[in-house]
Number of protein chains: 2
Amino acid sequence: MDSFETSRFSFHPSGDLPRADAQDRRLNQNLPPPALCPAGTEIYAQGEVCNSLYRVEFGGVRIYRLLSDGRRQISAFQLAGETFGFEADSTHHFFAETICASGIRMLQSKSAHDDLTIDFLPMALRSLLHAQEHLLVLGRQNSIERVAAFLLEMSERQGGLRQVELPMSRLDIADYLGLTIETVSRVFSKLKHRGVIRLPSLRSVEIVRWQTLQNMAS
Amino acid sequence: MDSFETSRFSFHPSGDLPRADAQDRRLNQNLPPPALCPAGTEIYAQGEVCNSLYRVEFGGVRIYRLLSDGRRQISAFQLAGETFGFEADSTHHFFAETICASGIRMLQSKSAHDDLTIDFLPMALRSLLHAQEHLLVLGRQNSIERVAAFLLEMSERQGGLRQVELPMSRLDIADYLGLTIETVSRVFSKLKHRGVIRLPSLRSVEIVRWQTLQNMAS
DNA sequence: CGAAAAATTGATGGGCGTCAAGTCAAGTGG
DNA sequence: CCACTTGACTTGACGCCCATCAATTTTTCG
């Protein structure tokens, strides 16, 4: 838990978007422009009042909690096309930050609250399913199984391709899988040496032996 | 992962309910009587089509998943008054079984699907919050912190009393906390010897030093 | 009471965290 | 272009927490 980047989400970051603020505000009452956020931008914090939902236009977001001593658990990554930010009450119970340069669009919920309520039930249920499935990973799987499951999940969310892009750092992966950065790195190396994956670059993985990886994920 | 009890949920278990079946069926089209289920009764299984929701009238239910080798992770306990069984699609993705003698009421969803949809969004969101909070426990807390958090959660769900009833076995607790039954037992003993809790019986706990337990849960 | 199940307690070992050093890639300034 | 810095990642050594295996005790229930 070293240093985190700490810029702050702002709806119209100066210089990031075309300069047409007044016009945008009028025209896009229902479709505001996305904000361009560098890596580590805080979208919202635990304890804040939530008055909007958010959609990832491109890039990715980590949803996480902290313990008082700094231990961090990422409960989910939200990738391009996904909506996040719904809560059980009017308060955010988690932190949300970009994991890389991202486009984040605010969705207003005040005026169209009921519409959103209906639309977002399926999303909430899928989030619930994902969280519950992740409980099995964190509660019962060892480090190799966790990393294998993670790679397969990322591949599946990118269309099931052998070439997987990892928009997040090793530390993010570790905090998602309930491991340390060192253990994640060791497992990556082990999978590479066994010929299960290749690592063309730090943040891209090629799955060479798909079935083997499947078996590893249990 | 030894032997589990395996009776099967049936809507009108003979001998468990007052004999007025025909009348009940007519009168309770919208309010069917609860089925009385002994411990270990399967309510539904992973992969089954889901055509109903369920409410716990008394007792409790475990929601869980299995790995192919038998490792089990309980994602939630549902206690008296709580509703469970909603899924992201028409299939159950988990198992549900009673953890003790319980009364389970089926809620029909076919005819009143939209009503339920609206009513159950808050429930789904609270389930989501609970699952995400549990991810922090499983991903980042040690055995003492897990047990402490569990005892406080059970107390809170029973009105915040010092006297807590545990309707589930040690194995269930272990599979909820991602530990072994032996570790759970050892932590219970340690808390007892430190004077943090008392164990009047196997399935009841008295929290003696509340603040200490709070601190332990981090 | 007697048998079976559940829970506790002990001994031991391994997996993963911790600490530390080394490697690599990207960026900066002379 | 190259020395230097910086941050991210990798690799190694070591130790601890918790799983595993095993024996015993306690509880439950016929």
# chains A, B, ... in the order shown; residues from 1 in each chain; ligands from 1

$ select_by_dssp --residues "stretch 8-217 of chain A" --states "strand (DSSP E or B)" --output "PDB file with C-alpha atoms, in the first residue's frame"
ATOM      1  CA  ARG A   8     -10.043  14.368  -8.506  1.00  0.00           C
ATOM      2  CA  ALA A  35     -14.979  13.544 -18.735  1.00  0.00           C
ATOM      3  CA  LEU A  36     -11.490  12.494 -19.682  1.00  0.00           C
ATOM      4  CA  CYS A  37      -9.770  11.246 -16.556  1.00  0.00           C
ATOM      5  CA  THR A  41      -8.783   9.911 -10.783  1.00  0.00           C
ATOM      6  CA  GLU A  42     -11.260   9.586  -7.942  1.00  0.00           C
ATOM      7  CA  ILE A  43     -14.831   9.344  -9.207  1.00  0.00           C
ATOM      8  CA  TYR A  44     -16.384   9.172  -5.770  1.00  0.00           C
ATOM      9  CA  VAL A  49     -23.681  11.353  -1.062  1.00  0.00           C
ATOM     10  CA  SER A  52     -25.467  10.158 -10.070  1.00  0.00           C
ATOM     11  CA  LEU A  53     -24.515   6.995 -11.854  1.00  0.00           C
ATOM     12  CA  TYR A  54     -21.513   6.662 -14.120  1.00  0.00           C
ATOM     13  CA  ARG A  55     -20.710   4.898 -17.323  1.00  0.00           C
ATOM     14  CA  VAL A  56     -17.257   3.949 -18.537  1.00  0.00           C
ATOM     15  CA  GLU A  57     -16.885   5.138 -22.132  1.00  0.00           C
ATOM     16  CA  PHE A  58     -13.329   3.835 -22.396  1.00  0.00           C
ATOM     17  CA  GLY A  60     -11.562   1.249 -16.590  1.00  0.00           C
ATOM     18  CA  VAL A  61     -12.482   1.873 -12.962  1.00  0.00           C
ATOM     19  CA  ARG A  62     -11.713   0.097  -9.694  1.00  0.00           C
ATOM     20  CA  ILE A  63     -14.381  -0.173  -6.999  1.00  0.00           C
ATOM     21  CA  TYR A  64     -12.773  -0.748  -3.618  1.00  0.00           C
ATOM     22  CA  ARG A  65     -12.783  -0.467   0.135  1.00  0.00           C
ATOM     23  CA  LEU A  66     -10.047   0.222   2.646  1.00  0.00           C
ATOM     24  CA  ARG A  72      -7.381  -2.557   0.220  1.00  0.00           C
ATOM     25  CA  GLN A  73      -9.866  -4.876  -1.436  1.00  0.00           C
ATOM     26  CA  ILE A  74     -11.039  -4.167  -4.955  1.00  0.00           C
ATOM     27  CA  SER A  75     -14.492  -5.665  -5.336  1.00  0.00           C
ATOM     28  CA  ALA A  76     -14.816  -5.091  -9.069  1.00  0.00           C
ATOM     29  CA  PHE A  77     -13.291  -3.576 -12.169  1.00  0.00           C
ATOM     30  CA  GLN A  78     -15.695  -1.683 -14.405  1.00  0.00           C
ATOM     31  CA  LEU A  79     -14.615  -1.676 -18.034  1.00  0.00           C
ATOM     32  CA  THR A  83     -22.384   1.351 -15.621  1.00  0.00           C
ATOM     33  CA  PHE A  84     -21.581   1.675 -11.939  1.00  0.00           C
ATOM     34  CA  THR A  91     -24.467   7.138   0.325  1.00  0.00           C
ATOM     35  CA  PHE A  95     -14.383   4.260  -3.530  1.00  0.00           C
ATOM     36  CA  ALA A  96     -14.242   4.492  -7.299  1.00  0.00           C
ATOM     37  CA  GLU A  97     -11.108   5.483  -9.207  1.00  0.00           C
ATOM     38  CA  THR A  98      -9.894   5.150 -12.751  1.00  0.00           C
ATOM     39  CA  SER A 102     -10.550   6.788 -19.067  1.00  0.00           C
ATOM     40  CA  GLY A 103     -13.659   8.488 -20.310  1.00  0.00           C
ATOM     41  CA  ILE A 104     -16.374   8.651 -17.649  1.00  0.00           C
ATOM     42  CA  ARG A 105     -19.901   9.827 -18.364  1.00  0.00           C
ATOM     43  CA  MET A 106     -22.247  10.909 -15.605  1.00  0.00           C
ATOM     44  CA  LEU A 107     -25.819   9.662 -15.856  1.00  0.00           C
ATOM     45  CA  GLN A 108     -28.295  11.810 -14.071  1.00  0.00           C
ATOM     46  CA  GLN A 163      -4.828 -11.750 -26.515  1.00  0.00           C
ATOM     47  CA  VAL A 164      -5.856 -10.045 -23.278  1.00  0.00           C
ATOM     48  CA  GLU A 165      -5.183  -6.427 -22.382  1.00  0.00           C
ATOM     49  CA  ILE A 197       0.720 -17.753 -21.166  1.00  0.00           C
ATOM     50  CA  ARG A 198       3.053 -15.317 -22.878  1.00  0.00           C
ATOM     51  CA  LEU A 199       3.762 -11.781 -21.735  1.00  0.00           C
ATOM     52  CA  PRO A 200       4.348  -9.636 -24.829  1.00  0.00           C
ATOM     53  CA  SER A 201       4.360  -6.586 -22.590  1.00  0.00           C
ATOM     54  CA  SER A 204      -0.863  -7.628 -22.194  1.00  0.00           C
ATOM     55  CA  VAL A 205      -1.159 -11.388 -21.888  1.00  0.00           C
ATOM     56  CA  GLU A 206      -1.489 -14.044 -24.536  1.00  0.00           C
ATOM     57  CA  ILE A 207      -3.211 -17.215 -23.438  1.00  0.00           C
TER      58      ILE A 207
END

$ interface_residues --of "chain B" --to "chain A" --cutoff "9 Å" --atoms "only C-alpha atoms" --output "tab-separated table (two decimals) with N, CA and C atoms, in the first residue's frame"
chain	number	residue	atom	x	y	z
B	64	TYR	N	-24.83	-20.98	-1.24
B	64	TYR	CA	-23.44	-21.36	-1.42
B	64	TYR	C	-23.15	-21.89	-2.81
B	65	ARG	N	-21.88	-22.00	-3.09
B	65	ARG	CA	-21.37	-22.61	-4.30
B	65	ARG	C	-20.36	-23.68	-3.96
B	66	LEU	N	-20.14	-24.57	-4.90
B	66	LEU	CA	-19.15	-25.65	-4.72
B	66	LEU	C	-18.13	-25.60	-5.84
B	67	LEU	N	-16.88	-25.92	-5.51
B	67	LEU	CA	-15.90	-26.23	-6.54
B	67	LEU	C	-16.00	-27.72	-6.84
B	68	SER	N	-15.43	-28.10	-7.98
B	68	SER	CA	-15.57	-29.49	-8.41
B	68	SER	C	-15.00	-30.48	-7.39
B	69	ASP	N	-14.02	-30.05	-6.63
B	69	ASP	CA	-13.43	-30.97	-5.65
B	69	ASP	C	-14.11	-30.89	-4.29
B	71	ARG	N	-14.77	-28.16	-2.36
B	71	ARG	CA	-14.63	-26.94	-1.56
B	71	ARG	C	-15.89	-26.10	-1.67
B	72	ARG	N	-16.31	-25.56	-0.55
B	72	ARG	CA	-17.59	-24.85	-0.51
B	72	ARG	C	-17.41	-23.43	0.00
B	73	GLN	N	-18.10	-22.49	-0.62
B	73	GLN	CA	-18.10	-21.12	-0.12
B	73	GLN	C	-19.53	-20.67	0.07
B	74	ILE	N	-19.89	-20.37	1.30
B	74	ILE	CA	-21.20	-19.81	1.59
B	74	ILE	C	-21.13	-18.31	1.40
B	75	SER	N	-21.95	-17.80	0.50
B	75	SER	CA	-21.90	-16.36	0.23
B	75	SER	C	-22.78	-15.56	1.17
B	76	ALA	N	-23.80	-16.20	1.73
B	76	ALA	CA	-24.68	-15.47	2.64
B	76	ALA	C	-25.52	-16.43	3.46
B	86	PHE	N	-33.57	-14.35	-5.81
B	86	PHE	CA	-33.53	-13.62	-7.07
B	86	PHE	C	-32.20	-13.84	-7.76
B	87	GLU	N	-32.26	-13.93	-9.08
B	87	GLU	CA	-31.07	-14.24	-9.88
B	87	GLU	C	-31.01	-13.28	-11.06
B	88	ALA	N	-29.83	-13.27	-11.69
B	88	ALA	CA	-29.63	-12.36	-12.82
B	88	ALA	C	-30.36	-12.85	-14.07
B	89	ASP	N	-30.61	-14.14	-14.15
B	89	ASP	CA	-31.41	-14.68	-15.26
B	89	ASP	C	-32.36	-15.72	-14.69
B	93	HIS	N	-27.96	-19.76	-9.72
B	93	HIS	CA	-26.51	-19.88	-9.84
B	93	HIS	C	-25.88	-20.37	-8.54
B	117	THR	N	-40.49	-7.23	-8.97
B	117	THR	CA	-39.32	-6.57	-9.53
B	117	THR	C	-39.05	-5.24	-8.83
B	118	ILE	N	-40.12	-4.48	-8.63
B	118	ILE	CA	-39.96	-3.19	-7.99
B	118	ILE	C	-39.60	-3.34	-6.52
B	120	PHE	N	-38.15	-5.71	-5.03
B	120	PHE	CA	-36.94	-6.44	-4.69
B	120	PHE	C	-35.67	-5.76	-5.15
B	121	LEU	N	-35.79	-4.61	-5.79
B	121	LEU	CA	-34.57	-3.88	-6.12
B	121	LEU	C	-33.81	-3.48	-4.87
B	122	PRO	N	-34.47	-2.91	-3.86
B	122	PRO	CA	-33.72	-2.58	-2.63
B	122	PRO	C	-33.09	-3.81	-1.99
B	123	MET	N	-33.81	-4.94	-2.02
B	123	MET	CA	-33.24	-6.16	-1.46
B	123	MET	C	-32.00	-6.58	-2.21
B	124	ALA	N	-32.09	-6.53	-3.55
B	124	ALA	CA	-30.94	-6.91	-4.36
B	124	ALA	C	-29.76	-6.00	-4.07
B	125	LEU	N	-30.04	-4.71	-3.90
B	125	LEU	CA	-28.95	-3.77	-3.63
B	125	LEU	C	-28.33	-4.01	-2.27
B	126	ARG	N	-29.16	-4.40	-1.31
B	126	ARG	CA	-28.58	-4.70	0.00
B	126	ARG	C	-27.77	-6.00	-0.03
B	127	SER	N	-28.26	-6.97	-0.80
B	127	SER	CA	-27.47	-8.19	-0.97
B	127	SER	C	-26.14	-7.89	-1.62
B	128	LEU	N	-26.19	-6.99	-2.61
B	128	LEU	CA	-24.95	-6.61	-3.30
B	128	LEU	C	-23.98	-5.96	-2.32
B	129	LEU	N	-24.49	-5.04	-1.51
B	129	LEU	CA	-23.63	-4.38	-0.52
B	129	LEU	C	-23.02	-5.40	0.42
B	131	ALA	N	-22.48	-8.62	-0.07
B	131	ALA	CA	-21.49	-9.45	-0.75
B	131	ALA	C	-20.18	-8.69	-0.93
B	132	GLN	N	-20.30	-7.43	-1.31
B	132	GLN	CA	-19.08	-6.64	-1.52
B	132	GLN	C	-18.33	-6.40	-0.22
B	133	GLU	N	-19.09	-6.20	0.86
B	133	GLU	CA	-18.42	-6.03	2.15
B	133	GLU	C	-17.75	-7.33	2.58
B	134	HIS	N	-18.38	-8.44	2.25
B	134	HIS	CA	-17.81	-9.73	2.62
B	134	HIS	C	-16.54	-10.01	1.83
B	135	LEU	N	-16.44	-9.45	0.64
B	135	LEU	CA	-15.22	-9.60	-0.15
B	135	LEU	C	-14.02	-9.05	0.60
B	136	LEU	N	-14.23	-7.95	1.30
B	136	LEU	CA	-13.13	-7.36	2.09
B	136	LEU	C	-12.69	-8.32	3.19
B	137	VAL	N	-13.66	-8.97	3.81
B	137	VAL	CA	-13.35	-9.92	4.87
B	137	VAL	C	-12.53	-11.09	4.32
B	138	LEU	N	-13.00	-11.66	3.22
B	138	LEU	CA	-12.35	-12.85	2.67
B	138	LEU	C	-11.01	-12.51	2.02
B	139	GLY	N	-10.91	-11.30	1.47
B	139	GLY	CA	-9.70	-10.98	0.74
B	139	GLY	C	-8.58	-10.44	1.61
B	140	ARG	N	-8.94	-9.79	2.71
B	140	ARG	CA	-7.93	-9.02	3.43
B	140	ARG	C	-7.87	-9.21	4.93
B	141	GLN	N	-8.73	-10.00	5.53
B	141	GLN	CA	-8.70	-10.10	6.99
B	141	GLN	C	-8.22	-11.49	7.44
B	175	ASP	N	-17.15	-22.25	6.31
B	175	ASP	CA	-17.32	-22.11	4.87
B	175	ASP	C	-17.84	-20.72	4.49
B	176	TYR	N	-18.38	-20.01	5.45
B	176	TYR	CA	-18.77	-18.62	5.21
B	176	TYR	C	-17.56	-17.71	5.30
B	177	LEU	N	-16.65	-18.02	6.22
B	177	LEU	CA	-15.50	-17.15	6.47
B	177	LEU	C	-14.27	-17.54	5.68
B	178	GLY	N	-14.37	-18.58	4.86
B	178	GLY	CA	-13.22	-19.02	4.08
B	178	GLY	C	-12.13	-19.61	4.94
B	179	LEU	N	-12.52	-20.29	6.03
B	179	LEU	CA	-11.56	-20.91	6.94
B	179	LEU	C	-11.88	-22.39	7.07
B	218	SER	N	-11.35	-4.84	13.05
B	218	SER	CA	-10.67	-3.80	12.28
B	218	SER	C	-11.64	-2.83	11.61

$ interface_residues --of "chain A" --to "chain C" --cutoff "9 Å" --atoms "only C-alpha atoms (C1' of nucleotides)" --output "VMD selection string"
chain A and resid 142 to 143 179 to 180 182 to 183

$ closest_atom_pairs --of "chain D" --to "chain A" --cutoff "9 Å" --atoms "only C-alpha atoms (C1' of nucleotides)" --output "CSV"
residue,atom,partner,partner_atom,distance
D:DA8,C1',A:Ser169,CA,8.4
D:DC9,C1',A:Ser185,CA,7.5
D:DT10,C1',A:Ser185,CA,6.8
D:DT11,C1',A:Arg186,CA,8.2

$ atom_distance --atom1 "atom CA of A:Ile173" --atom2 "atom CA of A:Gln214"
18.7 Å

$ atom_distance --atom1 "atom CA of B:Ala39" --atom2 "atom CA of B:Ser155"
21.7 Å

$ residues_around --residues "B:Val187" --least-positions-apart "5" --cutoff "10 Å" --atoms "only C-alpha atoms (C1' of nucleotides)" --output "PyMOL selection string"
chain B and resi 143-148+182+192-193

$ residues_around --residues "A:Leu213" --least-positions-apart "3" --cutoff "8 Å" --atoms "only C-alpha atoms (C1' of nucleotides)" --output "PyMOL selection string"
chain A and resi 148+152+196+209-210+216-217

$ write_last_selection --atoms "all heavy atoms" --output "PDB file, in the first residue's frame"
ATOM      1  N   ALA A 148      -5.489 -17.558 -12.580  1.00  0.00           N
ATOM      2  CA  ALA A 148      -6.076 -18.208 -13.757  1.00  0.00           C
ATOM      3  C   ALA A 148      -7.511 -17.724 -13.968  1.00  0.00           C
ATOM      4  O   ALA A 148      -7.911 -17.370 -15.085  1.00  0.00           O
ATOM      5  CB  ALA A 148      -6.036 -19.726 -13.595  1.00  0.00           C
ATOM      6  N   LEU A 152      -8.947 -15.544 -17.212  1.00  0.00           N
ATOM      7  CA  LEU A 152     -10.089 -16.024 -17.995  1.00  0.00           C
ATOM      8  C   LEU A 152     -11.237 -15.024 -17.941  1.00  0.00           C
ATOM      9  O   LEU A 152     -11.925 -14.799 -18.946  1.00  0.00           O
ATOM     10  CB  LEU A 152     -10.537 -17.390 -17.476  1.00  0.00           C
ATOM     11  CG  LEU A 152      -9.554 -18.533 -17.777  1.00  0.00           C
ATOM     12  CD1 LEU A 152      -9.970 -19.806 -17.064  1.00  0.00           C
ATOM     13  CD2 LEU A 152      -9.456 -18.769 -19.278  1.00  0.00           C
ATOM     14  N   VAL A 196       1.940 -21.658 -20.382  1.00  0.00           N
ATOM     15  CA  VAL A 196       0.487 -21.460 -20.376  1.00  0.00           C
ATOM     16  C   VAL A 196       0.129 -20.092 -20.947  1.00  0.00           C
ATOM     17  O   VAL A 196      -0.877 -19.948 -21.643  1.00  0.00           O
ATOM     18  CB  VAL A 196      -0.071 -21.614 -18.943  1.00  0.00           C
ATOM     19  CG1 VAL A 196      -1.579 -21.416 -18.930  1.00  0.00           C
ATOM     20  CG2 VAL A 196       0.285 -22.988 -18.398  1.00  0.00           C
ATOM     21  N   ARG A 209      -2.138 -21.829 -23.759  1.00  0.00           N
ATOM     22  CA  ARG A 209      -2.799 -23.127 -23.526  1.00  0.00           C
ATOM     23  C   ARG A 209      -4.077 -22.881 -22.732  1.00  0.00           C
ATOM     24  O   ARG A 209      -4.100 -22.915 -21.505  1.00  0.00           O
ATOM     25  CB  ARG A 209      -1.848 -24.050 -22.784  1.00  0.00           C
ATOM     26  CG  ARG A 209      -0.499 -24.177 -23.507  1.00  0.00           C
ATOM     27  CD  ARG A 209       0.516 -24.959 -22.698  1.00  0.00           C
ATOM     28  NE  ARG A 209       0.142 -26.359 -22.556  1.00  0.00           N
ATOM     29  CZ  ARG A 209       0.734 -27.200 -21.724  1.00  0.00           C
ATOM     30  NH1 ARG A 209       1.720 -26.769 -20.950  1.00  0.00           N
ATOM     31  NH2 ARG A 209       0.338 -28.448 -21.644  1.00  0.00           N
ATOM     32  N   TRP A 210      -5.135 -22.679 -23.496  1.00  0.00           N
ATOM     33  CA  TRP A 210      -6.417 -22.271 -22.925  1.00  0.00           C
ATOM     34  C   TRP A 210      -6.968 -23.328 -21.948  1.00  0.00           C
ATOM     35  O   TRP A 210      -7.364 -23.015 -20.824  1.00  0.00           O
ATOM     36  CB  TRP A 210      -7.423 -22.040 -24.050  1.00  0.00           C
ATOM     37  CG  TRP A 210      -8.643 -21.312 -23.617  1.00  0.00           C
ATOM     38  CD1 TRP A 210      -9.682 -21.809 -22.892  1.00  0.00           C
ATOM     39  CD2 TRP A 210      -8.933 -19.937 -23.835  1.00  0.00           C
ATOM     40  NE1 TRP A 210     -10.603 -20.838 -22.665  1.00  0.00           N
ATOM     41  CE2 TRP A 210     -10.180 -19.681 -23.228  1.00  0.00           C
ATOM     42  CE3 TRP A 210      -8.276 -18.905 -24.494  1.00  0.00           C
ATOM     43  CZ2 TRP A 210     -10.769 -18.419 -23.271  1.00  0.00           C
ATOM     44  CZ3 TRP A 210      -8.875 -17.656 -24.523  1.00  0.00           C
ATOM     45  CH2 TRP A 210     -10.090 -17.429 -23.917  1.00  0.00           C
ATOM     46  N   MET A 216      -6.714 -25.002 -14.426  1.00  0.00           N
ATOM     47  CA  MET A 216      -6.089 -24.372 -13.264  1.00  0.00           C
ATOM     48  C   MET A 216      -7.096 -23.555 -12.453  1.00  0.00           C
ATOM     49  O   MET A 216      -6.970 -23.435 -11.245  1.00  0.00           O
ATOM     50  CB  MET A 216      -4.968 -23.440 -13.719  1.00  0.00           C
ATOM     51  CG  MET A 216      -3.718 -24.168 -14.138  1.00  0.00           C
ATOM     52  SD  MET A 216      -2.476 -23.015 -14.752  1.00  0.00           S
ATOM     53  CE  MET A 216      -1.019 -24.056 -14.716  1.00  0.00           C
ATOM     54  N   ALA A 217      -8.086 -22.990 -13.146  1.00  0.00           N
ATOM     55  CA  ALA A 217      -9.067 -22.145 -12.461  1.00  0.00           C
ATOM     56  C   ALA A 217     -10.075 -22.963 -11.670  1.00  0.00           C
ATOM     57  O   ALA A 217     -10.889 -22.418 -10.953  1.00  0.00           O
ATOM     58  CB  ALA A 217      -9.805 -21.272 -13.473  1.00  0.00           C
TER      59      ALA A 217
END

$ select_by_dssp --residues "chain A" --states "alpha helix (DSSP H)" --output "number ranges by chain"
A: 21-27, 113-140, 143-157, 170-177, 181-193, 210-216

$ atom_distance --atom1 "atom CA of B:Arg194" --atom2 "atom C1' of D:DA23"
25.5 Å

$ decode --residues "stretch 135-211 of chain B" --atoms "C-alpha atoms" --output "short mmCIF file (atom, residue, chain, number, x, y, z; two decimals), in the first residue's frame"
data_model
loop_
_atom_site.label_atom_id
_atom_site.label_comp_id
_atom_site.auth_asym_id
_atom_site.auth_seq_id
_atom_site.Cartn_x
_atom_site.Cartn_y
_atom_site.Cartn_z
CA LEU B 135 -15.22 -9.60 -0.15
CA LEU B 136 -13.13 -7.36 2.09
CA VAL B 137 -13.35 -9.92 4.87
CA LEU B 138 -12.35 -12.85 2.67
CA GLY B 139 -9.70 -10.98 0.74
CA ARG B 140 -7.93 -9.02 3.43
CA GLN B 141 -8.70 -10.10 6.99
CA ASN B 142 -7.07 -12.78 9.12
CA SER B 143 -8.86 -15.49 11.05
CA ILE B 144 -9.45 -13.46 14.22
CA GLU B 145 -10.76 -10.49 12.30
CA ARG B 146 -13.08 -12.73 10.29
CA VAL B 147 -14.61 -14.40 13.32
CA ALA B 148 -14.94 -11.08 15.14
CA ALA B 149 -16.66 -9.54 12.13
CA PHE B 150 -18.95 -12.55 11.90
CA LEU B 151 -20.02 -12.37 15.54
CA LEU B 152 -20.70 -8.65 15.26
CA GLU B 153 -22.68 -9.19 12.07
CA MET B 154 -24.79 -11.89 13.68
CA SER B 155 -25.35 -9.72 16.73
CA GLU B 156 -26.36 -6.75 14.63
CA ARG B 157 -28.81 -8.86 12.64
CA GLN B 158 -30.37 -10.00 15.90
CA GLY B 159 -30.94 -6.53 17.25
CA GLY B 160 -27.47 -5.75 18.57
CA LEU B 161 -27.83 -7.87 21.68
CA ARG B 162 -24.90 -9.25 23.62
CA GLN B 163 -26.49 -12.67 23.52
CA VAL B 164 -26.12 -14.06 20.02
CA GLU B 165 -27.72 -17.24 18.73
CA LEU B 166 -25.85 -19.09 16.01
CA PRO B 167 -28.32 -21.14 13.99
CA MET B 168 -25.56 -22.73 11.92
CA SER B 169 -22.82 -25.29 12.55
CA ARG B 170 -19.11 -24.56 12.88
CA LEU B 171 -18.63 -26.01 9.40
CA ASP B 172 -21.11 -23.50 8.01
CA ILE B 173 -19.31 -20.67 9.78
CA ALA B 174 -15.99 -21.90 8.41
CA ASP B 175 -17.32 -22.11 4.87
CA TYR B 176 -18.77 -18.62 5.21
CA LEU B 177 -15.50 -17.15 6.47
CA GLY B 178 -13.22 -19.02 4.08
CA LEU B 179 -11.56 -20.91 6.94
CA THR B 180 -11.48 -24.48 8.24
CA ILE B 181 -13.65 -25.71 11.05
CA GLU B 182 -10.54 -26.18 13.18
CA THR B 183 -9.43 -22.58 12.76
CA VAL B 184 -12.90 -21.31 13.63
CA SER B 185 -12.91 -23.46 16.73
CA ARG B 186 -9.48 -22.26 17.76
CA VAL B 187 -10.45 -18.61 17.39
CA PHE B 188 -13.61 -19.18 19.41
CA SER B 189 -11.49 -20.73 22.14
CA LYS B 190 -8.97 -17.92 22.01
CA LEU B 191 -11.71 -15.28 22.30
CA LYS B 192 -13.19 -17.21 25.21
CA HIS B 193 -9.89 -17.49 27.08
CA ARG B 194 -9.25 -13.78 26.55
CA GLY B 195 -12.61 -13.01 28.11
CA VAL B 196 -14.00 -11.40 24.98
CA ILE B 197 -16.87 -13.84 24.64
CA ARG B 198 -18.56 -16.58 26.63
CA LEU B 199 -19.96 -19.80 25.16
CA PRO B 200 -23.03 -20.78 27.22
CA SER B 201 -23.72 -23.52 24.67
CA LEU B 202 -22.42 -24.65 21.32
CA ARG B 203 -24.71 -22.42 19.36
CA SER B 204 -24.99 -19.37 21.53
CA VAL B 205 -22.38 -16.71 22.21
CA GLU B 206 -22.34 -13.92 24.73
CA ILE B 207 -20.27 -10.91 23.78
CA VAL B 208 -18.60 -9.80 26.99
CA ARG B 209 -16.17 -7.15 25.79
CA TRP B 210 -17.91 -5.46 22.91
CA GLN B 211 -15.34 -2.79 22.19
#
